[in-house]
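Below is one structure, written out as structure tokens, with a few remarks after it.
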Amino acid sequence: MNDIDIRQVVQEELNNIAPEVDLASVDPAADLREALDIDSMDFLNFVTAIHHRLGVEIPELDYPKLVTLDGAVAYIAAKLGTSKT
Amino acid sequence: MPSLGADMEAGTLVEWLVKPGDRVKPGDIVAVVETQKGAIEIEIFEAGKIEQLLVGVDTKVPVGTPLARIQTEPEGPPGAVAAAPPPAAPAVPLATPPLVRAPVTPPSPPPVSPAAAARARVSPAARRLAEACGIDLSTVSGSGPAGAIVYADVERRLGEAVAPPERKRAPGLDLDAMRSAIAAAMARSKREIPHYYLAHDVDVTACVQWLTRTNAARPPDDRLLIGALAIKALALAARRFPAFNGFYRDGKFEPASAVHVGVAIAIRGGGLAAPALHQADRTSVDELMARMRDLVQRTRAGRIRSSEFSDPTITVTSLGERGVETLYGIIYPPQVAIVGIGKMVTRPWVIDGAIGPRSVVTITLSADHRVSDGHAGALFLAEIGRLLQEPDKL
């Protein structure tokens, strides 16, 4: 799974939470909580969905690394990379 | 048609989830009703067999109108039972007059869905066959008079491959109507309820540390948020201080025997609903968290159950971690208190004579002066704060 696929999955799951947001127009370095107006429950649902779909373990301590679109993609890519080797 | 709020006069039945012959038990969801507050799932409070549906799909009827007749168990004469009325509802006639005939005459051309029409007219033989073979009558198209389903239709349906069940439609939330409902309730609250307001800063560092430890070992599905701890603490405190838990009606306060905490849930696009977490004081934090997640999801999808809407005994409102530090809620009548939870901030705090950084949350109370005074309110808030010092005991 490459970065483009991962970004696709991340965007789909974010859109499940915030269906009205056009993610293409969201700055990939912006804080998603601000840009998408999501709360802690939404964020937990996002993490849960990613965990189920990609099998990535995301401990709570790592949440800050996922608060931007770019950050989330890089984090998941790194996790998937290490888990495969 | 149950009353789903003091200001509700009528509701539109948009979907039946049962059909004549179905067995139901208390808590089953039998229908969906559209109100100003959005679509609400109607639960039944009787056990028995659905005998007849009295109100057709897309029909608007006043509160108190029987929606269906059920044959209650064990024997008893058939009585008309609207999904049980919450306390506020006008009395529901229990014995229906000799039935005025099946109300649904499927209009000839299009508007009514095939499912609705099918449910309206089914020959007894067809129904027996369908029941015996586990065929959902809503998936059978009728060829009898006025589209009635006859024996041959069910037989034909038996020969077909099993069609996937039709996806339940989630009737969209009408945000404009919801805004009107909020306006009506809040205007009434400000007109009738003499509010008083208190605020209390609570050091929740113990909760934060406990959550970090607890969540570290859990998959995301089982992780907790501080909101679940706050609701449990609030519910326990409300049980100890009954003057904040109940309804003010007809000039007097009726304390509630159970604690059903209404959770204010913001709806994307603007809108607000506060459905209840039932018996929150007797529910574990894990279970509260799971129910909170479910409730938020269903509320935003427009699938709230009637009992969740009609019976919160106290409400909690929180603007989340990006909100403000302090918020004062407006009491939702006929309730008598609402607790506001601000966002958590790190503040310098004195502990044992030394200053250190602590996680602090401002918890507020708006309460009804007809029922309680500031002194009791202060004790109530202090109790919530005290309970949050020992999260492992919640």
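Residue numbers start at 1 in each chain; chains themselves are named A, B, ... in the order of the structure tokens; ligands are numbered from 1 in the order shown.
Selected on chain B by distance to chain A: Thr212, Asn215, Ala216, Ala217, Arg218, Pro219, Pro220, Asp221, Arg223, Leu225, Arg268, Gly269, Arg293, Val296, Leu319, Gly320, Glu321 and Arg322 of chain B (within 9 Å, counting only C-alpha atoms).
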File of the preceding selection, N, CA and C atoms, as a JSON list (two decimals), in the first residue's frame:
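As written to disk, selection10.json reads:
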```
[["chain", "number", "residue", "atom", "x", "y", "z"],
["B", 212, "THR", "N", -4.85, 7.82, 30.81],
["B", 212, "THR", "CA", -3.65, 7.50, 30.06],
["B", 212, "THR", "C", -3.23, 6.05, 30.34],
["B", 215, "ASN", "N", -6.11, 3.59, 28.96],
["B", 215, "ASN", "CA", -6.23, 3.52, 27.50],
["B", 215, "ASN", "C", -4.99, 2.92, 26.84],
["B", 216, "ALA", "N", -3.84, 3.01, 27.50],
["B", 216, "ALA", "CA", -2.60, 2.51, 26.90],
["B", 216, "ALA", "C", -2.72, 1.04, 26.55],
["B", 217, "ALA", "N", -3.48, 0.31, 27.36],
["B", 217, "ALA", "CA", -3.57, -1.13, 27.16],
["B", 217, "ALA", "C", -4.77, -1.53, 26.31],
["B", 218, "ARG", "N", -5.50, -0.54, 25.79],
["B", 218, "ARG", "CA", -6.75, -0.88, 25.10],
["B", 218, "ARG", "C", -6.72, -0.56, 23.61],
["B", 219, "PRO", "N", -7.40, -1.38, 22.82],
["B", 219, "PRO", "CA", -7.58, -1.01, 21.40],
["B", 219, "PRO", "C", -8.54, 0.18, 21.32],
["B", 220, "PRO", "N", -8.49, 0.92, 20.21],
["B", 220, "PRO", "CA", -9.31, 2.14, 20.10],
["B", 220, "PRO", "C", -10.78, 1.92, 20.43],
["B", 221, "ASP", "N", -11.31, 0.76, 20.12],
["B", 221, "ASP", "CA", -12.74, 0.52, 20.37],
["B", 221, "ASP", "C", -13.10, 0.66, 21.85],
["B", 223, "ARG", "N", -11.34, 2.46, 24.17],
["B", 223, "ARG", "CA", -10.74, 3.59, 24.89],
["B", 223, "ARG", "C", -11.81, 4.52, 25.44],
["B", 225, "LEU", "N", -13.01, 8.36, 27.07],
["B", 225, "LEU", "CA", -12.77, 9.80, 27.05],
["B", 225, "LEU", "C", -13.17, 10.36, 28.41],
["B", 268, "ARG", "N", -23.61, 18.33, 13.07],
["B", 268, "ARG", "CA", -22.86, 19.08, 12.06],
["B", 268, "ARG", "C", -23.83, 19.87, 11.21],
["B", 269, "GLY", "N", -23.45, 21.11, 10.93],
["B", 269, "GLY", "CA", -24.33, 21.92, 10.11],
["B", 269, "GLY", "C", -25.24, 22.76, 10.98],
["B", 293, "ARG", "N", -20.84, 6.68, 22.55],
["B", 293, "ARG", "CA", -20.39, 6.63, 21.15],
["B", 293, "ARG", "C", -21.57, 6.28, 20.25],
["B", 296, "VAL", "N", -24.04, 9.29, 20.03],
["B", 296, "VAL", "CA", -23.56, 10.39, 19.19],
["B", 296, "VAL", "C", -23.74, 10.01, 17.72],
["B", 319, "LEU", "N", -18.49, 21.73, 25.41],
["B", 319, "LEU", "CA", -18.15, 22.23, 24.08],
["B", 319, "LEU", "C", -16.83, 21.66, 23.57],
["B", 320, "GLY", "N", -16.37, 20.59, 24.23],
["B", 320, "GLY", "CA", -15.22, 19.89, 23.70],
["B", 320, "GLY", "C", -13.91, 20.57, 24.01],
["B", 321, "GLU", "N", -12.85, 19.94, 23.52],
["B", 321, "GLU", "CA", -11.51, 20.40, 23.93],
["B", 321, "GLU", "C", -11.04, 21.64, 23.18],
["B", 322, "ARG", "N", -11.78, 22.03, 22.14],
["B", 322, "ARG", "CA", -11.37, 23.25, 21.45],
["B", 322, "ARG", "C", -12.34, 24.39, 21.77]]
```
_Expected answer as an MDAnalysis selection string: strand (DSSP E or B) residues in stretch 111-357 of chain B_ = chainID B and resid 122 149 195:203 246:249 252:255 261:263 265:266 272:273 276:277 304:305 314:318 335 337:341 345:351 354:357
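The space separating atom CA of B:Thr326 from atom CA of B:Gly227 comes to 15.3 Å.
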*Using only C-alpha atoms, determine which residues lie at most 12 Å from A:Ile76, disregarding the query and same-chain residues fewer than 2 positions distant; provide the list as a ChimeraX atom specification.*
/A:1-7,9-10,47,50-51,53-58,62-63,65-66,69-74,78-83
Selection export as a short mmCIF file (atom, residue, chain, number, x, y, z; two decimals), in the first residue's frame, atoms kept: N, CA and C atoms:
```
data_model
loop_
_atom_site.label_atom_id
_atom_site.label_comp_id
_atom_site.auth_asym_id
_atom_site.auth_seq_id
_atom_site.Cartn_x
_atom_site.Cartn_y
_atom_site.Cartn_z
N MET A 1 0.85 -1.20 0.00
CA MET A 1 0.00 0.00 0.00
C MET A 1 0.88 1.25 0.00
N ASN A 2 0.73 2.07 -1.03
CA ASN A 2 1.58 3.26 -1.08
C ASN A 2 0.89 4.47 -0.45
N ASP A 3 1.64 5.57 -0.45
CA ASP A 3 1.14 6.78 0.22
C ASP A 3 -0.18 7.28 -0.37
N ILE A 4 -0.31 7.07 -1.67
CA ILE A 4 -1.54 7.57 -2.31
C ILE A 4 -2.75 6.76 -1.83
N ASP A 5 -2.55 5.45 -1.72
CA ASP A 5 -3.64 4.60 -1.20
C ASP A 5 -3.97 4.98 0.24
N ILE A 6 -2.93 5.18 1.01
CA ILE A 6 -3.14 5.52 2.43
C ILE A 6 -3.91 6.83 2.53
N ARG A 7 -3.49 7.80 1.72
CA ARG A 7 -4.17 9.10 1.76
C ARG A 7 -5.65 8.93 1.40
N VAL A 9 -7.52 6.28 1.91
CA VAL A 9 -8.23 5.68 3.05
C VAL A 9 -8.46 6.73 4.14
N VAL A 10 -7.43 7.50 4.42
CA VAL A 10 -7.54 8.53 5.47
C VAL A 10 -8.65 9.52 5.11
N VAL A 47 -9.56 7.20 14.57
CA VAL A 47 -8.49 6.27 14.94
C VAL A 47 -8.99 4.83 14.93
N ILE A 50 -9.35 3.64 11.30
CA ILE A 50 -8.05 3.35 10.68
C ILE A 50 -7.49 2.03 11.23
N HIS A 51 -7.66 1.86 12.53
CA HIS A 51 -7.18 0.63 13.17
C HIS A 51 -7.85 -0.60 12.54
N ARG A 53 -9.40 -0.78 9.56
CA ARG A 53 -9.20 -0.94 8.12
C ARG A 53 -7.79 -1.34 7.75
N LEU A 54 -6.81 -0.78 8.46
CA LEU A 54 -5.43 -1.03 8.07
C LEU A 54 -4.65 -1.86 9.08
N GLY A 55 -5.29 -2.17 10.19
CA GLY A 55 -4.61 -2.98 11.20
C GLY A 55 -3.48 -2.25 11.90
N VAL A 56 -3.49 -0.93 11.84
CA VAL A 56 -2.40 -0.16 12.45
C VAL A 56 -2.71 0.07 13.93
N GLU A 57 -1.73 -0.19 14.77
CA GLU A 57 -1.88 0.14 16.19
C GLU A 57 -1.60 1.62 16.37
N ILE A 58 -2.52 2.34 16.97
CA ILE A 58 -2.27 3.76 17.19
C ILE A 58 -2.47 4.07 18.68
N ASP A 62 0.38 8.68 20.53
CA ASP A 62 0.75 9.09 19.17
C ASP A 62 -0.30 9.98 18.52
N TYR A 63 -1.44 10.20 19.16
CA TYR A 63 -2.49 11.02 18.55
C TYR A 63 -1.97 12.33 17.97
N LYS A 65 0.58 13.02 16.47
CA LYS A 65 1.22 12.86 15.16
C LYS A 65 0.19 12.74 14.03
N LEU A 66 -1.06 12.53 14.39
CA LEU A 66 -2.09 12.32 13.36
C LEU A 66 -2.99 13.51 13.15
N LEU A 69 -3.38 15.98 7.94
CA LEU A 69 -3.54 14.99 6.88
C LEU A 69 -2.19 14.37 6.53
N ASP A 70 -1.17 15.24 6.30
CA ASP A 70 0.17 14.75 5.97
C ASP A 70 0.74 13.91 7.10
N GLY A 71 0.54 14.39 8.32
CA GLY A 71 1.06 13.68 9.48
C GLY A 71 0.46 12.29 9.60
N ALA A 72 -0.85 12.20 9.39
CA ALA A 72 -1.54 10.92 9.51
C ALA A 72 -1.03 9.95 8.45
N VAL A 73 -0.88 10.43 7.22
CA VAL A 73 -0.42 9.56 6.13
C VAL A 73 0.99 9.06 6.42
N ALA A 74 1.88 9.99 6.84
CA ALA A 74 3.26 9.60 7.12
C ALA A 74 3.32 8.60 8.28
N ALA A 78 4.63 4.75 7.91
CA ALA A 78 5.77 4.27 8.71
C ALA A 78 5.36 3.00 9.47
N LYS A 79 4.17 3.02 10.04
CA LYS A 79 3.70 1.86 10.81
C LYS A 79 3.54 0.63 9.92
N LEU A 80 2.97 0.84 8.74
CA LEU A 80 2.75 -0.29 7.83
C LEU A 80 4.09 -0.83 7.36
N GLY A 81 5.03 0.08 7.12
CA GLY A 81 6.36 -0.32 6.67
C GLY A 81 7.04 -1.21 7.69
N THR A 82 7.01 -0.78 8.95
CA THR A 82 7.71 -1.56 9.97
C THR A 82 7.01 -2.87 10.26
N SER A 83 5.69 -2.86 10.17
CA SER A 83 4.98 -4.08 10.54
C SER A 83 5.17 -5.18 9.49
#
```
*Show which residues sit within 12 Å of stretch 237-242 of chain B, as number ranges by chain. Count only C-alpha atoms, and ignore same-chain residues fewer than 6 positions away.*
B: 230-231, 253-261, 279-282, 313-316, 335-339, 365, 371-373, 375-388, 394
Would you list, as a tab-separated table (two decimals) with C-alpha atoms, in the first residue's frame, the residues of stretch 28-76 of chain A that end up in alpha helix (DSSP H) under DSSP run on this structure's backbone?
```tsv
chain	number	residue	atom	x	y	z
A	32	LEU	CA	-7.72	18.50	11.24
A	33	ARG	CA	-9.60	19.23	14.45
A	34	GLU	CA	-9.81	22.87	13.42
A	35	ALA	CA	-10.16	22.37	9.67
A	40	SER	CA	-12.40	14.11	20.68
A	41	MET	CA	-15.16	11.58	20.02
A	42	ASP	CA	-14.84	12.11	16.25
A	43	PHE	CA	-11.09	11.75	16.47
A	44	LEU	CA	-11.41	8.54	18.45
A	45	ASN	CA	-13.81	7.21	15.80
A	46	PHE	CA	-11.27	8.13	13.12
A	47	VAL	CA	-8.49	6.27	14.94
A	48	THR	CA	-10.79	3.30	15.47
A	49	ALA	CA	-11.69	3.19	11.79
A	50	ILE	CA	-8.05	3.35	10.68
A	51	HIS	CA	-7.18	0.63	13.17
A	52	HIS	CA	-9.88	-1.64	11.76
A	53	ARG	CA	-9.20	-0.94	8.12
A	54	LEU	CA	-5.43	-1.03	8.07
A	69	LEU	CA	-3.54	14.99	6.88
A	70	ASP	CA	0.17	14.75	5.97
A	71	GLY	CA	1.06	13.68	9.48
A	72	ALA	CA	-1.54	10.92	9.51
A	73	VAL	CA	-0.42	9.56	6.13
A	74	ALA	CA	3.26	9.60	7.12
A	75	TYR	CA	2.51	7.96	10.47
A	76	ILE	CA	0.45	5.16	8.96
```
_Selected residue, from B:Ile341, B:Leu137, B:Ala367, B:Ala243, that lies nearest to B:Leu17 when counting only C-alpha atoms_ =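 Ranking B:Ile341, B:Leu137, B:Ala367, B:Ala243 by distance to B:Leu17, first place goes to B:Leu137.
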*asked:* Quick check, in Å to one decimal: how far apart do atom CA of B:Val30 and atom CA of B:Ile44 lie?
replied: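 Distance reported for this atom pair: 6.5 Å.
When only C-alpha atoms are used to measure the gap to B:Trp210, the shortest distance among B:Gly251, B:Lys25, B:Met186, B:Leu224 belongs to B:Leu224.
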*Would you work out the distance separating atom CA of B:Pro2 from atom CA of B:Ile29, expressed in Å to one decimal?*
13.3 Å
*Nearest to B:Asp201, chosen from B:Lys393, B:Lys49, B:Lys60, B:Lys343, with only C-alpha atoms counted in the distances*: B:Lys343
